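Asks: run-v5.tsv (TSV, C-alpha atoms and all ligand atoms) pasted underneath:
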chain	number	residue	atom	x	y	z
A	421	MET	CA	-9.53	-14.22	19.81
A	422	THR	CA	-11.14	-12.20	17.06
A	423	TYR	CA	-8.61	-10.26	15.06
A	424	HIS	CA	-8.75	-6.76	13.63
A	425	ASP	CA	-6.64	-6.08	10.52
A	426	HIS	CA	-5.56	-2.46	10.96
A	427	HIS	CA	-4.50	-1.87	7.33
A	428	PHE	CA	-6.59	-3.60	4.69
A	429	HIS	CA	-7.76	-2.68	1.17
A	430	PRO	CA	-11.21	-4.31	0.82
A	431	LEU	CA	-11.71	-3.65	-2.89
A	432	GLY	CA	-8.11	-4.43	-3.79
A	433	TYR	CA	-8.48	-7.73	-1.98
A	434	ALA	CA	-11.72	-8.53	-3.81
A	435	GLU	CA	-10.04	-7.80	-7.13
A	436	LEU	CA	-7.12	-10.01	-6.26
A	437	VAL	CA	-9.31	-12.94	-5.25
A	438	ASN	CA	-11.27	-12.66	-8.50
A	439	GLY	CA	-8.54	-11.47	-10.84
A	440	LEU	CA	-5.15	-12.33	-12.36
A	441	GLU	CA	-2.61	-13.22	-9.63
A	442	LEU	CA	1.10	-13.07	-10.56
A	443	MET	CA	2.94	-13.37	-7.24
A	444	ASP	CA	4.15	-16.96	-7.64
A	445	ALA	CA	5.16	-16.79	-11.34
A	446	SER	CA	8.69	-18.18	-11.69
A	447	ASP	CA	9.89	-16.17	-14.67
A	448	ILE	CA	8.81	-13.56	-17.22
A	449	GLY	CA	7.74	-16.30	-19.64
A	450	GLU	CA	5.22	-17.53	-17.06
A	451	VAL	CA	3.94	-13.99	-16.41
A	452	LEU	CA	3.37	-13.61	-20.15
A	453	ARG	CA	1.62	-16.99	-20.43
A	454	ARG	CA	-0.76	-16.02	-17.60
A	455	VAL	CA	-1.45	-12.66	-19.26
A	456	ALA	CA	-2.21	-14.43	-22.56
A	457	THR	CA	-4.55	-16.91	-20.82
A	458	ARG	CA	-6.36	-14.09	-19.03
A	459	ALA	CA	-6.71	-12.23	-22.34
A	460	ASP	CA	-8.62	-15.24	-23.69
A	461	GLN	CA	-10.97	-15.18	-20.68
A	462	VAL	CA	-11.88	-11.49	-20.48
A	463	GLU	CA	-12.92	-8.85	-22.93
A	464	GLY	CA	-11.18	-5.49	-22.94
A	465	PRO	CA	-8.04	-4.65	-20.96
A	466	VAL	CA	-6.05	-7.26	-19.05
A	467	VAL	CA	-5.22	-6.19	-15.49
A	468	GLY	CA	-2.85	-8.24	-13.32
A	469	GLN	CA	-2.03	-8.05	-9.62
A	470	ARG	CA	0.96	-8.76	-7.40
A	471	LEU	CA	3.72	-8.84	-9.97
A	472	ASN	CA	6.92	-9.67	-8.04
A	473	ASP	CA	10.12	-9.01	-10.01
A	474	GLU	CA	12.27	-10.20	-7.08
A	475	GLY	CA	10.61	-13.62	-7.31
A	476	LEU	CA	11.18	-13.93	-11.09
A	477	HIS	CA	14.18	-15.84	-12.42
A	478	GLU	CA	15.29	-12.72	-14.37
A	479	LYS	CA	15.01	-10.47	-11.26
A	480	ARG	CA	13.56	-7.67	-13.37
A	481	LEU	CA	10.19	-6.25	-14.32
A	482	PRO	CA	8.78	-7.14	-17.73
A	483	THR	CA	8.74	-4.23	-20.19
A	484	ARG	CA	6.12	-2.86	-22.51
A	485	LYS	CA	7.82	-4.80	-25.35
A	486	ASP	CA	7.54	-8.11	-23.44
A	487	LEU	CA	3.82	-7.51	-22.88
A	488	ASP	CA	3.26	-6.41	-26.51
A	489	GLU	CA	4.47	-9.84	-27.66
A	490	VAL	CA	1.47	-11.56	-26.05
A	491	VAL	CA	-1.22	-8.84	-26.13
A	492	ALA	CA	-0.70	-6.06	-28.65
A	493	GLU	CA	-4.20	-4.81	-29.50
A	494	ARG	CA	-5.67	-4.35	-26.02
A	495	PRO	CA	-4.33	-2.53	-22.96
A	496	VAL	CA	-2.41	-4.58	-20.37
A	497	LEU	CA	-1.60	-3.15	-16.93
A	498	LEU	CA	0.22	-5.24	-14.32
A	499	TYR	CA	0.58	-3.91	-10.77
A	500	ARG	CA	3.64	-4.79	-8.73
A	501	TYR	CA	2.53	-6.34	-5.44
A	502	CYS	CA	3.53	-3.24	-3.44
A	503	GLY	CA	1.10	-1.15	-5.52
A	504	HIS	CA	3.77	1.52	-6.08
A	505	ILE	CA	5.00	0.25	-9.47
A	506	ALA	CA	3.09	-0.99	-12.51
A	507	VAL	CA	3.95	-2.07	-16.05
A	508	ALA	CA	1.84	-1.15	-19.08
A	509	ASN	CA	1.96	-2.43	-22.66
A	510	SER	CA	2.03	-0.09	-25.66
A	511	ALA	CA	-1.77	-0.11	-26.09
A	512	ALA	CA	-2.23	0.93	-22.43
A	513	LEU	CA	0.37	3.72	-22.76
A	514	LYS	CA	-1.32	4.94	-25.93
A	515	LEU	CA	-4.78	4.94	-24.32
A	516	ALA	CA	-3.37	6.90	-21.37
A	517	GLY	CA	-1.61	9.37	-23.68
A	518	ILE	CA	1.84	8.47	-22.34
A	519	GLY	CA	4.58	8.93	-24.96
A	520	SER	CA	8.12	10.18	-25.38
A	521	GLY	CA	6.94	13.79	-25.01
A	522	THR	CA	4.88	13.25	-21.85
A	523	SER	CA	6.38	14.86	-18.77
A	524	ASP	CA	6.44	13.03	-15.43
A	525	PRO	CA	3.55	13.82	-13.08
A	526	GLU	CA	4.20	15.36	-9.63
A	527	GLY	CA	5.27	12.56	-7.27
A	528	GLY	CA	5.82	9.91	-9.93
A	529	SER	CA	7.72	8.96	-13.08
A	530	PHE	CA	7.67	6.98	-16.32
A	531	ASP	CA	10.85	4.93	-16.84
A	532	ARG	CA	12.46	5.67	-20.21
A	533	ASN	CA	15.01	3.97	-22.44
A	534	ALA	CA	18.05	5.69	-23.95
A	535	ASP	CA	15.86	7.15	-26.73
A	536	GLY	CA	13.47	8.72	-24.23
A	537	GLU	CA	10.70	6.23	-25.05
A	538	PRO	CA	8.67	4.95	-22.05
A	539	THR	CA	9.68	1.38	-21.12
A	540	GLY	CA	6.19	0.76	-19.73
A	541	VAL	CA	7.33	0.89	-16.09
A	542	LEU	CA	5.26	3.42	-14.13
A	543	ARG	CA	6.20	4.64	-10.67
A	544	GLU	CA	4.01	6.12	-7.92
A	545	THR	CA	1.51	8.76	-9.17
A	546	ALA	CA	2.36	7.87	-12.79
A	547	ILE	CA	0.38	4.65	-12.24
A	548	ALA	CA	-2.82	6.67	-11.78
A	549	VAL	CA	-2.36	8.21	-15.24
A	550	ALA	CA	-2.76	4.73	-16.74
A	551	SER	CA	-5.37	3.48	-14.21
A	552	ARG	CA	-7.60	6.47	-14.90
A	553	ALA	CA	-7.62	5.77	-18.64
A	554	ILE	CA	-8.10	2.01	-18.36
A	555	SER	CA	-10.47	1.76	-15.39
A	556	PRO	CA	-13.66	2.70	-17.27
A	557	LEU	CA	-13.09	-0.26	-19.61
A	558	VAL	CA	-12.60	-2.83	-16.83
A	559	PRO	CA	-15.81	-4.24	-15.33
A	560	GLY	CA	-14.29	-4.96	-11.90
A	561	PRO	CA	-15.60	-7.53	-9.44
A	562	SER	CA	-19.37	-7.92	-9.07
A	563	ASP	CA	-21.10	-7.26	-5.73
A	564	ALA	CA	-21.40	-11.01	-5.22
A	565	GLU	CA	-17.68	-11.49	-5.91
A	566	ILE	CA	-16.75	-8.73	-3.45
A	567	LEU	CA	-18.95	-10.16	-0.71
A	568	ARG	CA	-17.64	-13.67	-1.34
A	569	ALA	CA	-14.02	-12.44	-1.10
A	570	LEU	CA	-14.64	-10.54	2.17
A	571	GLY	CA	-16.64	-13.53	3.39
A	572	GLN	CA	-13.37	-15.51	3.55
A	573	LEU	CA	-12.05	-13.29	6.34
A	574	PRO	CA	-14.08	-14.57	9.34
A	575	ALA	CA	-12.65	-18.07	8.75
A	576	MET	CA	-9.19	-16.54	9.34
A	577	GLY	CA	-10.41	-15.15	12.65
A	578	ILE	CA	-10.88	-11.61	11.30
A	579	GLY	CA	-13.98	-9.90	12.64
A	580	SER	CA	-13.20	-6.36	11.57
A	581	VAL	CA	-10.75	-4.36	9.47
A	582	THR	CA	-9.54	-0.83	9.01
A	583	GLY	CA	-10.39	-0.53	5.34
A	584	ILE	CA	-8.55	1.90	3.08
A	585	VAL	CA	-10.82	3.16	0.34
A	586	SER	CA	-10.36	5.72	-2.41
A	587	VAL	CA	-12.88	8.18	-3.78
A	588	GLY	CA	-12.57	9.31	-7.38
A	589	GLU	CA	-9.02	8.32	-8.27
A	590	PRO	CA	-8.92	4.51	-8.59
A	591	LEU	CA	-6.16	2.76	-6.61
A	592	TRP	CA	-6.66	-0.47	-8.53
A	593	CYS	CA	-8.35	-0.79	-11.88
A	594	GLY	CA	-11.95	-1.88	-12.08
A	595	VAL	CA	-13.66	0.05	-9.30
A	596	PRO	CA	-14.02	3.74	-10.19
A	597	ASN	CA	-15.25	4.84	-6.76
A	598	GLU	CA	-14.44	2.32	-4.05
A	599	LEU	CA	-16.41	4.21	-1.41
A	600	ASP	CA	-19.65	4.07	-3.42
A	601	VAL	CA	-19.28	0.30	-3.71
A	602	LEU	CA	-18.51	-0.20	-0.03
A	603	CYS	CA	-21.40	2.01	1.11
A	604	ARG	CA	-23.81	0.22	-1.19
A	605	LEU	CA	-22.73	-3.15	0.18
A	606	ALA	CA	-22.55	-1.98	3.83
A	607	PRO	CA	-25.72	-3.74	5.07
A	608	ALA	CA	-24.49	-7.07	3.65
A	609	LEU	CA	-20.84	-6.89	4.77
A	610	PRO	CA	-19.59	-10.02	6.59
A	611	ILE	CA	-17.16	-7.93	8.73
A	612	ASP	CA	-17.07	-4.47	10.35
A	613	VAL	CA	-15.07	-1.90	8.36
A	614	ASP	CA	-13.57	1.28	9.85
A	615	VAL	CA	-12.92	3.39	6.78
A	616	LEU	CA	-9.82	5.47	6.07
A	617	VAL	CA	-10.57	7.57	3.01
A	618	ILE	CA	-8.02	8.53	0.37
A	619	ALA	CA	-9.48	11.94	-0.56
A	620	GLY	CA	-7.91	14.85	-2.41
A	621	ASN	CA	-9.54	17.86	-0.74
A	622	PRO	CA	-11.56	18.76	2.39
A	623	ALA	CA	-14.93	18.80	0.60
A	624	GLU	CA	-14.34	15.34	-0.84
A	625	LEU	CA	-13.42	14.06	2.63
A	626	ALA	CA	-16.47	15.67	4.28
A	627	ASP	CA	-18.73	14.17	1.61
A	628	ALA	CA	-17.15	10.76	2.17
A	629	ALA	CA	-17.65	10.98	5.95
A	630	GLU	CA	-21.28	11.97	5.42
A	631	GLN	CA	-21.85	9.19	2.89
A	632	ILE	CA	-20.46	6.66	5.38
A	633	ARG	CA	-22.62	8.05	8.21
A	634	ARG	CA	-25.73	7.77	6.04
A	635	SER	CA	-24.99	4.17	5.04
A	636	ALA	CA	-26.79	1.69	7.23
A	637	GLY	CA	-24.58	-1.27	7.98
A	638	ARG	CA	-21.23	-2.37	9.24
A	639	ILE	CA	-19.09	0.62	8.28
A	640	ARG	CA	-17.95	3.77	10.04
A	641	PHE	CA	-15.73	6.73	9.20
A	642	LEU	CA	-12.24	6.51	10.71
A	643	GLY	CA	-10.32	9.28	8.95
A	644	TRP	CA	-8.05	10.36	6.11
A	645	LYS	CA	-5.24	8.39	4.46
A	646	GLU	CA	-2.28	9.96	2.65
A	647	PHE	CA	1.06	8.86	1.15
A	648	ALA	CA	4.43	10.37	2.10
A	649	ASP	CA	6.47	8.04	-0.14
A	650	GLY	CA	6.50	4.69	-2.00
A	651	SER	CA	7.99	1.26	-1.33
A	652	PHE	CA	11.36	-0.46	-0.80
A	653	GLY	CA	10.59	-2.83	-3.68
A	654	GLY	CA	10.07	0.01	-6.14
A	655	HIS	CA	13.06	2.08	-4.88
A	656	THR	CA	10.49	4.80	-4.12
A	657	ALA	CA	10.64	4.79	-0.30
A	658	ALA	CA	12.00	8.25	0.66
A	659	MET	CA	15.40	7.63	2.28
A	660	HIS	CA	18.00	9.92	3.87
A	661	GLU	CA	20.74	8.10	1.93
A	662	PRO	CA	20.55	6.55	-1.57
A	663	PHE	CA	19.54	2.90	-2.04
A	664	SER	CA	22.54	0.55	-1.92
A	665	ASP	CA	21.54	-1.07	-5.22
A	666	ARG	CA	20.40	2.19	-6.88
A	667	PRO	CA	22.88	4.88	-5.78
A	668	ASP	CA	21.17	7.33	-8.15
A	669	THR	CA	18.01	7.61	-6.03
A	670	ARG	CA	16.82	8.39	-2.49
A	671	GLY	CA	13.21	7.56	-3.39
A	672	THR	CA	10.09	9.62	-4.03
A	673	ASP	CA	8.83	12.28	-1.66
A	674	ARG	CA	5.04	12.43	-1.98
A	675	LEU	CA	4.10	14.54	1.05
A	676	ASP	CA	2.82	18.03	0.27
A	677	ARG	CA	3.10	19.60	3.71
A	678	GLU	CA	0.66	22.44	3.27
A	679	HIS	CA	-1.95	20.16	1.72
A	680	ALA	CA	-1.42	17.61	4.51
A	681	MET	CA	-1.96	20.34	7.15
A	682	THR	CA	-5.23	21.38	5.49
A	683	MET	CA	-6.47	17.78	5.20
A	684	SER	CA	-5.42	16.93	8.76
A	685	ARG	CA	-7.42	19.85	10.10
A	686	ALA	CA	-10.38	18.80	7.95
A	687	THR	CA	-10.37	15.22	9.23
A	688	THR	CA	-9.99	16.42	12.83
A	689	MET	CA	-13.08	18.61	12.40
A	690	LEU	CA	-14.93	15.50	11.22
A	691	GLY	CA	-13.82	13.57	14.31
A	692	GLY	CA	-11.44	11.45	12.25
A	693	SER	CA	-7.85	10.26	12.41
A	694	VAL	CA	-4.86	11.05	10.21
A	695	ALA	CA	-3.05	8.01	8.74
A	696	ILE	CA	0.02	8.64	6.59
A	697	HIS	CA	1.98	6.01	4.67
A	698	ALA	CA	5.73	6.36	5.39
A	699	ILE	CA	8.23	3.59	4.58
A	700	GLY	CA	11.63	5.31	4.28
A	701	ASP	CA	13.45	7.01	7.18
A	702	ARG	CA	13.25	10.40	5.44
A	703	ALA	CA	9.49	10.01	4.88
A	704	ASN	CA	8.97	8.99	8.51
A	705	ASP	CA	10.86	12.06	9.74
A	706	ALA	CA	8.75	14.29	7.48
A	707	VAL	CA	5.53	12.78	8.85
A	708	LEU	CA	6.74	13.19	12.45
A	709	ASP	CA	7.56	16.86	11.71
A	710	LEU	CA	3.98	17.27	10.50
A	711	PHE	CA	2.51	15.39	13.47
A	712	GLY	CA	4.59	17.48	15.88
A	713	ASP	CA	3.14	20.67	14.39
A	714	LEU	CA	-0.41	19.29	14.45
A	715	ILE	CA	-0.06	18.38	18.14
A	716	LYS	CA	1.25	21.88	18.92
A	717	MET	CA	-1.91	23.18	17.28
A	718	GLY	CA	-4.06	21.01	19.52
A	719	ALA	CA	-4.43	17.70	17.63
A	720	ASP	CA	-5.04	14.56	19.71
A	721	PRO	CA	-1.88	12.40	19.27
A	722	THR	CA	-3.87	9.18	19.66
A	723	ARG	CA	-5.56	10.07	16.37
A	724	LEU	CA	-2.30	10.39	14.43
A	725	ARG	CA	-0.82	7.22	12.95
A	726	VAL	CA	2.10	6.41	10.69
A	727	GLU	CA	1.26	3.60	8.28
A	728	HIS	CA	4.18	1.12	7.92
A	729	ALA	CA	6.95	3.06	9.80
A	730	SER	CA	9.28	0.59	8.08
A	731	ILE	CA	12.74	2.07	8.68
A	732	LEU	CA	13.34	4.50	11.50
A	733	THR	CA	16.29	6.30	13.04
A	734	ASP	CA	16.71	5.93	16.82
A	735	GLU	CA	15.68	9.58	17.15
A	736	ALA	CA	12.47	8.90	15.20
A	737	ILE	CA	11.52	6.07	17.59
A	738	GLU	CA	12.11	8.37	20.58
A	739	ARG	CA	10.15	11.14	18.93
A	740	MET	CA	7.19	8.85	18.20
A	741	ALA	CA	7.12	7.84	21.85
A	742	ARG	CA	7.40	11.43	23.05
A	743	LEU	CA	4.65	12.62	20.71
A	744	GLY	CA	2.42	9.66	21.60
A	745	VAL	CA	1.58	8.84	17.98
A	746	THR	CA	0.79	5.32	16.73
A	747	ALA	CA	2.77	3.08	14.37
A	748	SER	CA	0.62	0.82	12.18
A	749	VAL	CA	2.95	-2.01	11.07
A	750	GLN	CA	2.69	-4.99	8.69
A	751	PRO	CA	4.94	-7.80	9.96
A	752	ALA	CA	4.18	-10.03	6.93
A	753	PHE	CA	6.38	-7.66	4.86
A	754	LEU	CA	9.35	-9.30	6.62
A	755	ALA	CA	8.55	-12.66	5.02
A	756	SER	CA	8.12	-11.17	1.54
A	757	GLU	CA	11.16	-8.91	1.65
A	758	SER	CA	13.68	-11.09	3.50
A	759	SER	CA	15.48	-12.33	0.37
A	760	TRP	CA	16.21	-8.91	-1.16
A	761	LEU	CA	15.84	-6.11	1.38
A	762	GLU	CA	19.50	-6.14	2.46
A	763	LYS	CA	20.53	-5.63	-1.18
A	764	ARG	CA	18.39	-2.45	-1.24
A	765	LEU	CA	19.49	-1.07	2.12
A	766	GLY	CA	23.00	-2.41	2.72
A	767	PRO	CA	24.34	-4.16	5.83
A	768	ASP	CA	24.16	-1.17	8.21
A	769	ARG	CA	20.70	0.16	7.52
A	770	ILE	CA	19.16	-3.31	7.65
A	771	ASP	CA	19.52	-3.10	11.45
A	772	ARG	CA	16.93	-0.33	11.50
A	773	VAL	CA	14.09	-2.05	9.60
A	774	TYR	CA	10.81	-2.99	11.22
A	775	PRO	CA	12.03	-2.17	14.75
A	776	PHE	CA	8.97	-3.59	16.52
A	777	ARG	CA	10.76	-4.40	19.75
A	778	SER	CA	12.39	-0.99	20.07
A	779	LEU	CA	9.06	0.70	19.34
A	780	LEU	CA	7.29	-1.32	22.04
A	781	GLU	CA	10.11	-0.75	24.54
A	782	ALA	CA	9.98	2.98	23.84
A	783	GLY	CA	6.24	2.89	24.56
A	784	VAL	CA	4.97	3.60	21.04
A	785	PRO	CA	1.45	2.20	20.51
A	786	LEU	CA	1.59	-0.44	17.75
A	787	LEU	CA	-1.16	-1.73	15.48
A	788	GLY	CA	-0.81	-4.68	13.08
A	789	GLY	CA	-2.21	-5.19	9.61
A	790	SER	CA	-1.67	-7.14	6.40
A	791	ASP	CA	-1.94	-4.35	3.81
A	792	SER	CA	-3.80	-7.02	1.83
A	793	PRO	CA	-3.79	-7.45	-1.18
A	794	VAL	CA	-0.09	-6.66	-0.72
A	795	GLU	CA	0.10	-9.62	1.70
A	796	HIS	CA	-2.22	-12.54	2.44
A	797	PRO	CA	-4.78	-11.36	5.04
A	798	ASP	CA	-4.32	-14.32	7.45
A	799	PRO	CA	-3.16	-12.63	10.73
A	800	GLU	CA	-1.22	-15.78	11.70
A	801	ILE	CA	1.28	-15.00	8.91
A	802	GLY	CA	1.96	-11.56	10.37
A	803	ILE	CA	2.06	-12.86	13.95
A	804	ARG	CA	4.64	-15.52	13.06
A	805	ALA	CA	6.74	-13.01	11.10
A	806	ALA	CA	6.74	-10.55	14.01
A	807	ILE	CA	8.28	-13.29	16.17
A	808	ASP	CA	10.53	-15.14	13.64
A	809	ARG	CA	11.66	-12.11	11.60
A	810	HIS	CA	12.69	-14.36	8.66
A	811	GLY	CA	16.32	-13.45	9.32
A	812	LEU	CA	15.76	-9.69	9.01
A	813	ASN	CA	17.09	-7.71	11.95
A	814	PRO	CA	16.24	-10.66	14.24
A	815	SER	CA	16.87	-8.88	17.56
A	816	GLN	CA	13.69	-6.90	16.89
A	817	GLY	CA	11.48	-10.00	17.30
A	818	ILE	CA	8.62	-9.70	19.78
A	819	THR	CA	6.73	-12.25	21.88
A	820	LEU	CA	3.65	-14.20	20.84
A	821	ASP	CA	1.42	-12.19	23.18
A	822	GLN	CA	2.83	-8.90	21.88
A	823	ALA	CA	2.40	-10.06	18.28
A	824	ARG	CA	-1.20	-11.14	18.86
A	825	ALA	CA	-1.96	-7.83	20.55
A	826	LEU	CA	-0.98	-6.01	17.32
A	827	PHE	CA	-4.00	-7.58	15.65
A	828	GLY	CA	-6.33	-6.96	18.56
A	829	PRO	CA	-9.28	-4.60	18.42
A	830	ALA	CA	-7.53	-2.27	20.89
A	831	GLY	CA	-6.52	0.89	19.13
A	832	ARG	CA	-9.72	1.02	17.13
A	833	PHE	CA	-10.77	4.57	17.66
B	1	ZN	ZN	-1.87	-0.10	1.98
Show this structure as structure tokens.
Ligand SMILES: [Zn+2]
Replies:
Amino acid sequence: MTYHDHHFHPLGYAELVNGLELMDASDIGEVLRRVATRADQVEGPVVGQRLNDEGLHEKRLPTRKDLDEVVAERPVLLYRYCGHIAVANSAALKLAGIGSGTSDPEGGSFDRNADGEPTGVLRETAIAVASRAISPLVPGPSDAEILRALGQLPAMGIGSVTGIVSVGEPLWCGVPNELDVLCRLAPALPIDVDVLVIAGNPAELADAAEQIRRSAGRIRFLGWKEFADGSFGGHTAAMHEPFSDRPDTRGTDRLDREHAMTMSRATTMLGGSVAIHAIGDRANDAVLDLFGDLIKMGADPTRLRVEHASILTDEAIERMARLGVTASVQPAFLASESSWLEKRLGPDRIDRVYPFRSLLEAGVPLLGGSDSPVEHPDPEIGIRAAIDRHGLNPSQGITLDQARALFGPAGRF
């Protein structure tokens, strides 16, 4: 069987394969040693990927001060593996103009110490403030490196992906306009890529669709991608109730309803789908409210998909089935989150995470992806996790055939 990864970041993956990987570091000392080693190998800023505070002995993120101890003169920016949190050193904050007087951007925040000074931890849209400043100084992977990274996928059985690509605003440092790169490389791509575009306005989206249509090669326009919230790991998933281990927050609401309506209509006019990232139960309800309104206005429900749909109320599952919208899930998250997710959510809510079985039984169409570089792209990892559950809400395990079907080409629009 040839697999389709329904949620994949092609340029983020290429950067991970060629860049500084931090996922398996055992403690902050090791993170800092790897940053120092990388600083000797590259010129300019040091950018790291897949920082995992839950896997570190200290169970915390490094701070700007930690990073300053190993690299003080040049910017350092480390992305948490979920992509919704990053840590910057003082030089990176300075370059980005982030100081004690800087106010938080809409949909994001800079963590601060008791004196109001930024700690270096950036959440959600605050990450882009730093990425934007640093990106022009980071060369990013070469065309050959990108093609070599994507060339590893067929050996894992992957013949095609739904690739999430940004225009303008960089998602990861190093590639200023991901779509330009992908379109340029389209004729040489080793896999087919259905492109979901992260675009900020209808004109940008229409231009992106046209650019994809003009590019000869293995890419096609699939639609528009938006964020309704953040991640469990970063305490930024938008929840109805506060996090069990951070009672001061219910996460970050990133969905601008009016803007989402405008963009959804724009992508529909272009023949595209709407794909919205929603992890928390509150974010999922907000997206379903939006989808319900779009359907009333004539939208085709098979072209509306929730990315992740990680924690759902029973009513949300019923509503997804009734509306006929798709859930695009990433079973490999179960393996990565099994050791700490209950701490975030508490013993009751944990029974509502990744409810694959309930979704299938309700008749909700499911698609499977890796969200790579968040997870390793090998579909077997996701398939096994969908069955085994790694101890998380185990009654929601599904069968091997059901798990394989998640990564099938069915559901490609
Ligand atoms: Zn993603």
Asks: Give as a list in words the residues surrounding ligand ZN 1 (chain B) up to a distance of 7 Å, considering only C-alpha atoms and all ligand atoms.
Replies: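 Using only C-alpha atoms and all ligand atoms, everything at most 7 Å from ligand ZN 1 (chain B) comes to His427, Phe428, His429 and Asp791 of chain A.
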Asks: Could you produce a table of the residues of region 679-734 of chain A lying within 8 Å of region 626-629 of chain A, with the nearest pair of atoms per residue and their separation in Å rounded to one decimal, using only C-alpha atoms, ordered by chain and increasing residue number, as CSV?
Replies:
residue,atom,partner,partner_atom,distance
A:Ala686,CA,A:Ala626,CA,7.8
A:Thr687,CA,A:Ala626,CA,7.9
A:Leu690,CA,A:Ala626,CA,7.1
Asks: Fewer than 3 positions away in the same chain doesn't count, so skip those; otherwise give me all residues within 12 Å of Asn621 (chain A), counting all atoms listed in the file, as a list in words.
Replies: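 Surrounding residues, per the criterion: Val587, Gly588, Val617, Ile618, Glu624, Leu625, Ala626, Asp627, Ala628, Trp644, Lys645, Glu646, Glu678, His679, Ala680, Met681, Thr682, Met683, Ser684, Arg685, Ala686 and Thr687 of chain A.
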Asks: Considering all atoms listed in the file, can you say which of A:His426, A:His810, A:His728, A:Arg638 comes closest to Ser759 (chain A)?
Replies: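 Counting all atoms listed in the file, the residue closest to Ser759 (chain A) is A:His810.
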Asks: Work out how far CA of Leu497 (chain A) is from CA of His655 (chain A), in Å to one decimal.
Replies: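 CA of His655 (chain A) sits 19.7 Å away from CA of Leu497 (chain A).
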Asks: Please determine, counting all atoms listed in the file, which residue among A:Pro430, A:Pro574, A:Gly653, A:Pro622 has the shortest atom-to-atom distance to Val601 (chain A).
Replies: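 Of A:Pro430, A:Pro574, A:Gly653, A:Pro622, the one nearest Val601 (chain A), counting all atoms listed in the file, is A:Pro430.
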Asks: Fewer than 3 positions away in the same chain doesn't count, so skip those; otherwise give me all residues within 7 Å of Arg470 (chain A), counting only C-alpha atoms, as an mmCIF file with C-alpha atoms, in the coordinates of the input.
Replies:
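Heads up, here's the output in part.cif:
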data_model
loop_
_atom_site.group_PDB
_atom_site.id
_atom_site.type_symbol
_atom_site.label_atom_id
_atom_site.label_comp_id
_atom_site.auth_asym_id
_atom_site.auth_seq_id
_atom_site.Cartn_x
_atom_site.Cartn_y
_atom_site.Cartn_z
ATOM 1 C CA GLU A 441 -2.610 -13.220 -9.630
ATOM 2 C CA LEU A 442 1.100 -13.070 -10.560
ATOM 3 C CA MET A 443 2.940 -13.370 -7.240
ATOM 4 C CA TYR A 499 0.580 -3.910 -10.770
ATOM 5 C CA ARG A 500 3.640 -4.790 -8.730
ATOM 6 C CA TYR A 501 2.530 -6.340 -5.440
#
Asks: Please tabulate, as a Markdown table, the residues of region 697-717 of chain A that come within 12 Å of region 741-758 of chain A, each with its closest pair of atoms and the distance in Å to one decimal, counting all atoms listed in the file and ordering rows by chain, then residue number upward.
Replies:
| residue | atom | partner | partner_atom | distance |
| --- | --- | --- | --- | --- |
| A:His697 | CA | A:Ser748 | CA | 9.2 |
| A:Ala698 | CA | A:Ala747 | CA | 10.0 |
| A:Ile699 | CA | A:Val749 | CA | 10.1 |
| A:Asn704 | CA | A:Ala747 | CA | 10.4 |
| A:Val707 | CA | A:Val745 | CA | 10.7 |
| A:Leu708 | CA | A:Leu743 | CA | 8.5 |
| A:Asp709 | CA | A:Leu743 | CA | 10.4 |
| A:Leu710 | CA | A:Leu743 | CA | 11.2 |
| A:Phe711 | CA | A:Val745 | CA | 8.0 |
| A:Gly712 | CA | A:Leu743 | CA | 6.9 |
| A:Asp713 | CA | A:Leu743 | CA | 10.3 |
| A:Leu714 | CA | A:Leu743 | CA | 10.5 |
| A:Ile715 | CA | A:Leu743 | CA | 7.9 |
| A:Lys716 | CA | A:Leu743 | CA | 10.0 |
Asks: With C-alpha atoms retained, export the selected residues as a compact mmCIF listing (two decimals), in the coordinates of the input.
Replies:
# COMPACT_ATOMS: atom_id res chain seq x y z
CA HIS A 697 1.98 6.01 4.67
CA ALA A 698 5.73 6.36 5.39
CA ILE A 699 8.23 3.59 4.58
CA ASN A 704 8.97 8.99 8.51
CA VAL A 707 5.53 12.78 8.85
CA LEU A 708 6.74 13.19 12.45
CA ASP A 709 7.56 16.86 11.71
CA LEU A 710 3.98 17.27 10.50
CA PHE A 711 2.51 15.39 13.47
CA GLY A 712 4.59 17.48 15.88
CA ASP A 713 3.14 20.67 14.39
CA LEU A 714 -0.41 19.29 14.45
CA ILE A 715 -0.06 18.38 18.14
CA LYS A 716 1.25 21.88 18.92
Asks: For a test of reading the model, state the distance in Å between CA of Asp447 (chain A) and CA of Thr483 (chain A), rounded to one decimal.
Replies: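 CA of Asp447 (chain A) sits 13.2 Å away from CA of Thr483 (chain A).
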Asks: List the neighbours of Ile737 (chain A) out to 9 Å using all atoms listed in the file; skip same-chain residues closer than 2 positions along the sequence, and give me the result as a list of chain:residue names.
Replies: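 Surrounding residues, per the criterion: A:Leu732, A:Thr733, A:Asp734, A:Glu735, A:Arg739, A:Met740, A:Ala741, A:Arg742, A:Pro775, A:Ser778, A:Leu779, A:Ala782, A:Val784.
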Asks: How would the residues just chosen look if you wrote them out with C-alpha atoms as a compact mmCIF listing (two decimals), in the coordinates of the input?
Replies:
# COMPACT_ATOMS: atom_id res chain seq x y z
CA LEU A 732 13.34 4.50 11.50
CA THR A 733 16.29 6.30 13.04
CA ASP A 734 16.71 5.93 16.82
CA GLU A 735 15.68 9.58 17.15
CA ARG A 739 10.15 11.14 18.93
CA MET A 740 7.19 8.85 18.20
CA ALA A 741 7.12 7.84 21.85
CA ARG A 742 7.40 11.43 23.05
CA PRO A 775 12.03 -2.17 14.75
CA SER A 778 12.39 -0.99 20.07
CA LEU A 779 9.06 0.70 19.34
CA ALA A 782 9.98 2.98 23.84
CA VAL A 784 4.97 3.60 21.04
